[in-house]
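The structure appears below as structure tokens.
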Amino acid sequence: MRRFTLALLLAGYALLFLQLPSRGREPRAFDPLEPRGREVERAIEAGDFERALPIAQELDGAYPDDPVITYWLAEIHAASGRTTEADAAWQRYRAATGQTDDEGRP
Amino acid sequence: MTRRVLAGTCRALVLTFCSITALYAFIASSAFAYRQFIRPRVFWWLGAFSDHHVALSLVCLSALLVVVWPDLRSGSPTARLARPLAGAAAAATAWNAGGGGLASLHEGGWAIGTGIVALLPVLTLAAIDHLRAWPYLSSSRPPAFESQDAVEGRLFVTAIGTAVLVTAVYAVLTTIALGDAFEPDLDSPALVVGAASALVGHLAVFCVVFVCLAATLRLGGRVLAGQYVCLLAAAAILFAAVFFSLAGRAIGLTGASGLVAAAAAGVSVASAWGGLRLGGHAARGAGLVSAIDVFLSPARPGPPDRRTVFVLAALLPAAWLLAWAAAPMDWDFVLLKSGVVIVWVSAFAGVYRAAPPGRRPAWLMLVGCAAPLVVIAAWRPERTHGHAMDRYAVHNPSYRVVSGLLREPRRDSGFDRFLRANTGLTDEVVAPRSIDFVPPAALTPATEPPHVFLFVIDSLRADYLSPYNANAHFTPRIAGFAREGVAFRNAFTAYGGTGMSMPALWAGSVLAHKQYVLPFAPMNALEKLLAANRYERWMTGGYINETLWTPHAGDVRLQADQEEMNFRFCATAEEVAQRLSARPAGARPVFVQTLPQDLHAATIRHAYVPPDRSYPGFDAPYAHQVERIDACFGTFVDRLKQLGLYDNSLIVLTADHGDLLGEDGRWGHSYHLNPEVIQVPLLIHLPRGVAPAVDVDEPVFSIDVTPTIYASLGYDVSAADPLTGRPLARRTAGEPAGEHASGRTGAPEYRVIAASYGAVYAVLSNQGRRLYIADAVQGQAHAYRRESIDDLQWSEVPVDAGRRVLAEGRIRRHVDAINAAWNIDRGF
């Protein structure tokens, strides 16, 4: 009985301190440092928006409404002069992040 | 009795000497810690220890021989350890005396090896203790199952009692700290929530201790020696983990070398503690019920003895004293948290002495230890009272440690890894690149170059100067200087910490995060300017200067007889004034540069404040030093005017970074990029024919200083890129105000600021009114804002998703731009 009690408590505290449940529950989030994300960002940095756009759109399909990707889309469209698409992407970014002002708007 | 006292004293000497030697070596092994602490002798006692290490090692050898003398003479098995130990110690002492000692240590694996060798006497003495006491331990009666249950019952009571006691002690301290605060920032409900959260957190921590100890004892079986070995291993792992997470991370001792150093430290502490305790019990023939009694104390019948009462009563003053002593000299809370760990261990030991043994029902232990788990799962006050809990942690050091242990993990640690991989590139060979504000062919001598005085006061905060803070009434001369010149009201450093800030100032650019990319000459845009105009260079020395500037035959070394930490503004200014007075008319222009240490954290804590001086609302020792600098600066300006040099001089008064003076419990600058650290004064007196090129309310940066000097000499600053600064002045006959030849107008939309010594980055935006800090050392993020640049106080605001996405993207691109410029590839 005591061994069982100790084992139970040990497991419970391991879960607490190692944060296992919250890690397990997390939805798979988009990591902008993954290769495809880096490709988009590097293309934006280089001003190659035509190369960045299809990859960003593909990522947008895989991670709908991820704020990093919607921000990239807003940036790409704005830099390419597509203001309507840029506005739409920016609104999606604001909705995803809860941002109320236009700070950082491309 | 005399023999025991002598042996005990000698043993303490050996332990102290070996521990400090190892600590010195471990600090020296870290590139940044060696360059920032050891070499400039920031901690005088560590420098003095190094200076006298040879003599001290002789004392240590003598003490060691006294300790092991009985073993050397005996034919017992301990002689087999004592003899090689004595021989090796004598050889090491001789090698040390021959010049191979601490003074020659520098960063790298050699220093780690030296630290481990320094711990060998501690480990060997512990082994001798264990060998001596082993017959006693192995012959001790193994506990019956009933007594093992009783030990667990005693541990359970100890864990609960310690949690309650520690919570109470630190709750009292928090109340005291808030009572002393100028503007207490926690109301009563927040205090109650904080105390409740602290209680739950402490219960969780000490229940873990109980569960781990009980499990370890059961793992050791019914044999006392088996239990002891398991506990010893657990203690070594625990101490190694504490060393690695507290000290290792703070001094940049991470990775494999950090693990090795932590393991050596952990095994040394655990084995020395166990060996000494075991020896004491064996000498007294104490009856042990459990191996835990070896480390703590066997059960005693009756009420707690006087020693127990003393230990428990001393906890409150000890906790206060440790927090008070740690504050002014701490680095990334290492001392503060170490003090908390000491209080926790002492409290646990004291309560264990007082706790009666006795079997407690399993259900009681289950309920008692599961309750904190359930509460934590159901109630996360940091979610509902985030700001209040952050503030409570500021005032309650023990809660700071607990909340750090229980903190929810950050969702995306990939960004932290990215930052860490791109910071402090000790493992990367980086080739220099040329930074030129003027094409080399166009860098011809200017017409009538002015004298240039670059006064960079280490750790000078803007809000301690009256041009920035009307309440700073103690800097009238600097106020007068600002009225005659230009006071940039919204100035920031590009790097928190001298190590990167000064090179970036000279380069006029942000740099690869490496201390240092050598040779630095191609990047030293300021040095190129001085060479082209044949300036006489009068500079104080110091490690960074000596490493990054190319020495010239005609250089004048200011304060040449002083070590770096003793550079003082008044002495330097007086020396410069005397040298200027003695110069012949028509001599070459002079460039003066100094980095006085009057305000450095290591200096300030010894600073004297006369009883007739008071600085309400300011840190008195710091403010008093600022007042002294102000007076000397005023005198120096007077001398320039008397000599007729003032009008044709470019005088810059600024800082390499600010400092924390107890805000949020933080001191110094280390890994912090709080507003107090990144805001700096920037006051410039421009020579004749030169005018400001930007509005004084615009955000400006320390990397703007060098391009400003170029522009003041009349150069067309045209080769700038997004990583470089911009000129803040222009020749009045040149371009119109608000524009400059780099093609950029106005302040950049944002700037990324980095800590010099760790992976902490900040984004400053909205004209210097928004600040986002990404701290990959602690795995945290912070956001601050202020409504106007007139606000001296910034408000910490919640970090929302928008801020995070935007700031992390900006930091990534900043790092990418640097890597692209320096051809660095870190695999991201």
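Residues are named by chain letter and number: chains run A, B, ... in the order of the structure tokens, numbers start at 1 in each chain, and ligands are numbered from 1 in the order shown.
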
Report as CSV: every residue of chain A with an atom at most 6 Å from chain B, its closest pair of atoms, and their distance in Å to one decimal, counting only C-alpha atoms, with rows sorted by chain and ascending residue number.
residue,atom,partner,partner_atom,distance
A:Arg2,CA,B:Ala362,CA,5.7
A:Thr97,CA,B:Gly802,CA,4.8
A:Gln99,CA,B:Gly802,CA,5.5

Pull all heavy atoms from the residues just selected and write them as a PDB file, in the first residue's frame.
ATOM      1  N   ARG A   2       1.908   1.267   0.862  1.00  0.00           N
ATOM      2  CA  ARG A   2       2.782   2.440   0.938  1.00  0.00           C
ATOM      3  C   ARG A   2       3.592   2.603  -0.338  1.00  0.00           C
ATOM      4  O   ARG A   2       3.799   3.719  -0.812  1.00  0.00           O
ATOM      5  CB  ARG A   2       3.714   2.322   2.149  1.00  0.00           C
ATOM      6  CG  ARG A   2       3.021   2.654   3.430  1.00  0.00           C
ATOM      7  CD  ARG A   2       3.886   2.429   4.629  1.00  0.00           C
ATOM      8  NE  ARG A   2       3.130   2.832   5.797  1.00  0.00           N
ATOM      9  CZ  ARG A   2       3.127   4.069   6.296  1.00  0.00           C
ATOM     10  NH1 ARG A   2       3.864   4.992   5.745  1.00  0.00           N
ATOM     11  NH2 ARG A   2       2.390   4.367   7.342  1.00  0.00           N
ATOM     12  N   THR A  97      -4.413  37.170 -33.187  1.00  0.00           N
ATOM     13  CA  THR A  97      -3.588  37.597 -32.052  1.00  0.00           C
ATOM     14  C   THR A  97      -4.357  38.448 -31.037  1.00  0.00           C
ATOM     15  O   THR A  97      -3.901  38.631 -29.914  1.00  0.00           O
ATOM     16  CB  THR A  97      -2.390  38.448 -32.534  1.00  0.00           C
ATOM     17  OG1 THR A  97      -2.907  39.591 -33.237  1.00  0.00           O
ATOM     18  CG2 THR A  97      -1.491  37.640 -33.438  1.00  0.00           C
ATOM     19  N   GLN A  99      -4.742  41.528 -31.466  1.00  0.00           N
ATOM     20  CA  GLN A  99      -4.152  42.865 -31.503  1.00  0.00           C
ATOM     21  C   GLN A  99      -5.208  43.877 -31.941  1.00  0.00           C
ATOM     22  O   GLN A  99      -5.948  43.643 -32.892  1.00  0.00           O
ATOM     23  CB  GLN A  99      -2.968  42.885 -32.473  1.00  0.00           C
ATOM     24  CG  GLN A  99      -2.227  44.208 -32.487  1.00  0.00           C
ATOM     25  CD  GLN A  99      -0.930  44.137 -33.291  1.00  0.00           C
ATOM     26  OE1 GLN A  99      -0.229  43.119 -33.282  1.00  0.00           O
ATOM     27  NE2 GLN A  99      -0.599  45.208 -33.982  1.00  0.00           N
TER      28      GLN A  99
END

Residues within 9 Å of region 20-34 of chain B, please, as number ranges by chain. Count only C-alpha atoms; anything in the same chain fewer than 4 positions from it doesn't count. B: 15-16, 38-40, 46, 49-50, 53, 102, 105-119, 248, 251-254, 257-258, 261, 265, 424, 426, 499, 515, 756-757

Output of the above residues as a short mmCIF file (atom, residue, chain, number, x, y, z; two decimals), in the first residue's frame, restricted to N, CA and C atoms:
data_model
loop_
_atom_site.label_atom_id
_atom_site.label_comp_id
_atom_site.auth_asym_id
_atom_site.auth_seq_id
_atom_site.Cartn_x
_atom_site.Cartn_y
_atom_site.Cartn_z
N LEU B 15 39.01 22.62 2.71
CA LEU B 15 37.74 22.68 1.97
C LEU B 15 37.53 24.05 1.35
N THR B 16 37.81 25.10 2.14
CA THR B 16 37.59 26.46 1.64
C THR B 16 38.53 26.76 0.48
N ILE B 38 36.84 38.03 -14.16
CA ILE B 38 38.18 37.69 -13.68
C ILE B 38 39.20 38.73 -14.14
N ARG B 39 39.25 38.94 -15.44
CA ARG B 39 40.31 39.79 -15.96
C ARG B 39 40.21 41.23 -15.45
N PRO B 40 39.03 41.84 -15.46
CA PRO B 40 38.96 43.21 -14.92
C PRO B 40 38.93 43.24 -13.39
N LEU B 46 38.27 37.85 -5.24
CA LEU B 46 38.67 36.77 -6.13
C LEU B 46 40.04 37.09 -6.74
N PHE B 49 42.60 36.56 -4.05
CA PHE B 49 42.81 35.11 -3.87
C PHE B 49 43.79 34.60 -4.94
N SER B 50 43.60 35.08 -6.16
CA SER B 50 44.50 34.66 -7.24
C SER B 50 45.93 35.17 -7.00
N HIS B 53 47.60 33.09 -4.35
CA HIS B 53 47.25 31.66 -4.43
C HIS B 53 48.44 30.76 -4.10
N LEU B 102 46.70 29.94 -10.74
CA LEU B 102 45.44 30.55 -11.17
C LEU B 102 45.65 31.71 -12.12
N LEU B 105 45.38 31.01 -15.70
CA LEU B 105 44.17 30.36 -16.22
C LEU B 105 43.40 31.29 -17.14
N HIS B 106 42.84 30.74 -18.17
CA HIS B 106 41.92 31.50 -19.02
C HIS B 106 40.87 30.55 -19.55
N GLU B 107 39.95 31.09 -20.36
CA GLU B 107 38.80 30.31 -20.76
C GLU B 107 39.19 29.02 -21.48
N GLY B 108 38.32 28.01 -21.32
CA GLY B 108 38.55 26.77 -22.05
C GLY B 108 38.59 25.55 -21.14
N GLY B 109 38.81 24.41 -21.79
CA GLY B 109 38.77 23.13 -21.08
C GLY B 109 39.86 22.97 -20.03
N TRP B 110 41.00 23.62 -20.26
CA TRP B 110 42.09 23.52 -19.28
C TRP B 110 41.61 24.02 -17.92
N ALA B 111 40.87 25.10 -17.92
CA ALA B 111 40.39 25.65 -16.65
C ALA B 111 39.41 24.68 -15.97
N ILE B 112 38.56 24.04 -16.76
CA ILE B 112 37.63 23.05 -16.18
C ILE B 112 38.43 21.93 -15.52
N GLY B 113 39.46 21.46 -16.23
CA GLY B 113 40.31 20.41 -15.67
C GLY B 113 40.97 20.85 -14.38
N THR B 114 41.43 22.09 -14.35
CA THR B 114 42.07 22.62 -13.14
C THR B 114 41.06 22.64 -11.98
N GLY B 115 39.83 23.03 -12.29
CA GLY B 115 38.79 23.06 -11.24
C GLY B 115 38.53 21.68 -10.68
N ILE B 116 38.49 20.70 -11.56
CA ILE B 116 38.23 19.33 -11.09
C ILE B 116 39.42 18.82 -10.27
N VAL B 117 40.63 19.12 -10.71
CA VAL B 117 41.82 18.71 -9.95
C VAL B 117 41.80 19.37 -8.56
N ALA B 118 41.35 20.63 -8.52
CA ALA B 118 41.30 21.33 -7.23
C ALA B 118 40.33 20.65 -6.26
N LEU B 119 39.35 19.96 -6.80
CA LEU B 119 38.37 19.30 -5.93
C LEU B 119 38.83 17.91 -5.49
N GLY B 248 25.88 27.70 -13.20
CA GLY B 248 26.34 27.41 -14.55
C GLY B 248 25.68 28.30 -15.57
N ILE B 251 26.85 32.10 -15.40
CA ILE B 251 28.18 32.51 -15.85
C ILE B 251 28.50 31.96 -17.23
N GLY B 252 27.50 31.42 -17.90
CA GLY B 252 27.71 30.94 -19.26
C GLY B 252 28.42 29.61 -19.32
N LEU B 253 28.38 28.87 -18.21
CA LEU B 253 29.02 27.55 -18.16
C LEU B 253 27.96 26.51 -18.50
N THR B 254 27.72 26.31 -19.77
CA THR B 254 26.65 25.41 -20.19
C THR B 254 27.26 24.29 -21.04
N SER B 257 30.84 21.04 -20.87
CA SER B 257 31.77 21.53 -19.84
C SER B 257 31.00 21.94 -18.58
N GLY B 258 29.82 22.52 -18.76
CA GLY B 258 29.00 22.89 -17.62
C GLY B 258 28.55 21.65 -16.85
N ALA B 261 31.54 20.26 -14.87
CA ALA B 261 31.81 21.09 -13.69
C ALA B 261 30.73 20.87 -12.63
N ALA B 265 31.22 19.39 -8.87
CA ALA B 265 30.79 20.16 -7.70
C ALA B 265 29.77 19.37 -6.89
N GLY B 424 26.86 34.74 -28.30
CA GLY B 424 28.13 34.35 -27.66
C GLY B 424 28.82 33.24 -28.44
N THR B 426 31.26 31.40 -29.12
CA THR B 426 32.62 31.00 -28.74
C THR B 426 33.13 29.84 -29.60
N GLY B 499 30.68 44.48 -22.73
CA GLY B 499 31.40 43.59 -23.62
C GLY B 499 31.09 43.79 -25.09
N GLN B 515 32.61 37.62 -28.70
CA GLN B 515 33.63 38.44 -28.03
C GLN B 515 34.97 37.73 -28.14
N SER B 756 24.88 41.58 -23.73
CA SER B 756 26.23 41.21 -24.15
C SER B 756 26.58 39.79 -23.76
N TYR B 757 25.97 39.30 -22.69
CA TYR B 757 26.49 38.06 -22.10
C TYR B 757 25.52 36.89 -22.12
#

Write out as a PyMOL selection string each polymer residue whose atoms come within 7 Å of region 29-45 of chain A, counting only C-alpha atoms; drop sequence neighbours fewer than 3 positions from it. (chain A and resi 48-49+51-52+55-56+63) or (chain B and resi 414+828)

Can you tell me, as a ChimeraX atom specification, what residues are no more than 7 Å from region 75-85 of chain A when counting only C-alpha atoms, ignoring any on the same chain fewer than 4 positions away? /A:49,53,71,89,106

Output for the residues just chosen: all heavy atoms as a PDB file, in the first residue's frame:
ATOM      1  N   PHE A  49       9.394  38.229 -53.138  1.00  0.00           N
ATOM      2  CA  PHE A  49       8.036  37.942 -52.649  1.00  0.00           C
ATOM      3  C   PHE A  49       7.315  36.907 -53.519  1.00  0.00           C
ATOM      4  O   PHE A  49       6.453  36.195 -53.035  1.00  0.00           O
ATOM      5  CB  PHE A  49       7.239  39.243 -52.567  1.00  0.00           C
ATOM      6  CG  PHE A  49       7.884  40.246 -51.647  1.00  0.00           C
ATOM      7  CD1 PHE A  49       8.576  41.329 -52.139  1.00  0.00           C
ATOM      8  CD2 PHE A  49       7.840  40.054 -50.275  1.00  0.00           C
ATOM      9  CE1 PHE A  49       9.197  42.221 -51.291  1.00  0.00           C
ATOM     10  CE2 PHE A  49       8.446  40.958 -49.411  1.00  0.00           C
ATOM     11  CZ  PHE A  49       9.140  42.040 -49.927  1.00  0.00           C
ATOM     12  N   LEU A  53       5.502  33.742 -51.697  1.00  0.00           N
ATOM     13  CA  LEU A  53       4.042  33.624 -51.659  1.00  0.00           C
ATOM     14  C   LEU A  53       3.534  32.182 -51.710  1.00  0.00           C
ATOM     15  O   LEU A  53       2.749  31.783 -50.828  1.00  0.00           O
ATOM     16  CB  LEU A  53       3.416  34.476 -52.771  1.00  0.00           C
ATOM     17  CG  LEU A  53       1.887  34.476 -52.797  1.00  0.00           C
ATOM     18  CD1 LEU A  53       1.322  35.024 -51.493  1.00  0.00           C
ATOM     19  CD2 LEU A  53       1.357  35.294 -53.979  1.00  0.00           C
ATOM     20  N   TYR A  71       0.790  36.974 -40.938  1.00  0.00           N
ATOM     21  CA  TYR A  71       1.600  38.200 -40.992  1.00  0.00           C
ATOM     22  C   TYR A  71       2.482  38.196 -42.237  1.00  0.00           C
ATOM     23  O   TYR A  71       2.607  39.211 -42.931  1.00  0.00           O
ATOM     24  CB  TYR A  71       2.457  38.335 -39.722  1.00  0.00           C
ATOM     25  CG  TYR A  71       3.178  39.663 -39.657  1.00  0.00           C
ATOM     26  CD1 TYR A  71       2.523  40.799 -39.189  1.00  0.00           C
ATOM     27  CD2 TYR A  71       4.486  39.795 -40.099  1.00  0.00           C
ATOM     28  CE1 TYR A  71       3.161  42.027 -39.155  1.00  0.00           C
ATOM     29  CE2 TYR A  71       5.131  41.012 -40.066  1.00  0.00           C
ATOM     30  CZ  TYR A  71       4.467  42.133 -39.587  1.00  0.00           C
ATOM     31  OH  TYR A  71       5.110  43.348 -39.561  1.00  0.00           O
ATOM     32  N   ALA A  89      -5.337  39.666 -45.042  1.00  0.00           N
ATOM     33  CA  ALA A  89      -4.370  38.911 -44.238  1.00  0.00           C
ATOM     34  C   ALA A  89      -4.109  39.618 -42.912  1.00  0.00           C
ATOM     35  O   ALA A  89      -4.008  38.980 -41.860  1.00  0.00           O
ATOM     36  CB  ALA A  89      -3.068  38.736 -45.023  1.00  0.00           C
ATOM     37  N   PRO A 106       2.292  45.800 -42.120  1.00  0.00           N
ATOM     38  CA  PRO A 106       3.188  45.960 -43.279  1.00  0.00           C
ATOM     39  C   PRO A 106       2.648  47.003 -44.245  1.00  0.00           C
ATOM     40  O   PRO A 106       1.447  47.190 -44.350  1.00  0.00           O
ATOM     41  CB  PRO A 106       3.188  44.567 -43.922  1.00  0.00           C
ATOM     42  CG  PRO A 106       2.629  43.645 -42.897  1.00  0.00           C
ATOM     43  CD  PRO A 106       1.720  44.468 -42.033  1.00  0.00           C
TER      44      PRO A 106
END

If you count only C-alpha atoms, the residue of B:Met500, B:Leu530, B:Leu81, B:Ala421 closest to Pro445 (chain B) turns out to be B:Leu530

Quick check, in Å to one decimal: how far apart do CA of Leu316 (chain B) and CA of Gly201 (chain B) lie? 19.1 Å

Running DSSP on the backbone, which parts of region 538-731 of chain B land in helix (DSSP H, G or I), as a PyMOL selection string? chain B and resi 543-548+564-566+569-581+601-604+620-642+663-665+675-678+702-712

Considering only C-alpha atoms, state which residue in the set B:Ser670, B:Ser702, B:Thr635, B:Gln578 is at the smallest distance from Val652 (chain B).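 Between B:Ser670, B:Ser702, B:Thr635, B:Gln578, the residue approaching Val652 (chain B) most closely is B:Ser702.
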
Quick one: residues within 9 Å of Ala86 (chain B), only C-alpha atoms counted, chain neighbours fewer than 6 positions away excluded, as a short mmCIF file (atom, residue, chain, number, x, y, z; two decimals) with N, CA, C and O atoms, in the first residue's frame?
data_model
loop_
_atom_site.label_atom_id
_atom_site.label_comp_id
_atom_site.auth_asym_id
_atom_site.auth_seq_id
_atom_site.Cartn_x
_atom_site.Cartn_y
_atom_site.Cartn_z
N LEU B 61 48.48 23.06 1.79
CA LEU B 61 49.24 21.79 1.83
C LEU B 61 49.57 21.42 3.27
O LEU B 61 49.42 20.26 3.68
N LEU B 64 46.50 20.21 4.94
CA LEU B 64 46.15 18.87 4.46
C LEU B 64 47.01 17.81 5.13
O LEU B 64 46.51 16.74 5.53
N LEU B 65 48.29 18.12 5.28
CA LEU B 65 49.18 17.15 5.92
C LEU B 65 48.78 16.92 7.39
O LEU B 65 48.84 15.81 7.90
N VAL B 68 45.72 14.55 7.30
CA VAL B 68 45.94 13.13 6.95
C VAL B 68 47.12 12.50 7.70
O VAL B 68 47.44 11.34 7.47
N LEU B 72 48.65 8.78 7.36
CA LEU B 72 49.96 8.54 6.75
C LEU B 72 50.81 7.61 7.61
O LEU B 72 51.55 6.77 7.10
N PRO B 121 41.35 16.85 -3.60
CA PRO B 121 41.56 16.69 -2.15
C PRO B 121 40.25 16.56 -1.37
O PRO B 121 40.16 15.77 -0.42
#

Excluding Ala299 (chain B) and residues on its chain fewer than 2 positions from it, collect all residues at most 8 Å away from it, counting only C-alpha atoms, and give them as a PyMOL selection string. chain B and resi 293+297+301+353+355-357

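You will find CA of Pro449 (chain B) at 14.1 Å from CA of Lys528 (chain B).
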
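Between Arg92 (chain A) and the residues A:Gly104, A:Gly12, A:Pro54, A:Pro64, the shortest atom-to-atom distance, using only C-alpha atoms, involves A:Pro64.
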
Which residues are near Leu465 (chain B)? Cut-off 12 Å, only C-alpha atoms, ignore same chain within fewer than 5 positions. Put them as number ranges by chain. B: 460, 470-482, 487, 489, 618, 622-627, 629-630, 653-655, 680-683, 792
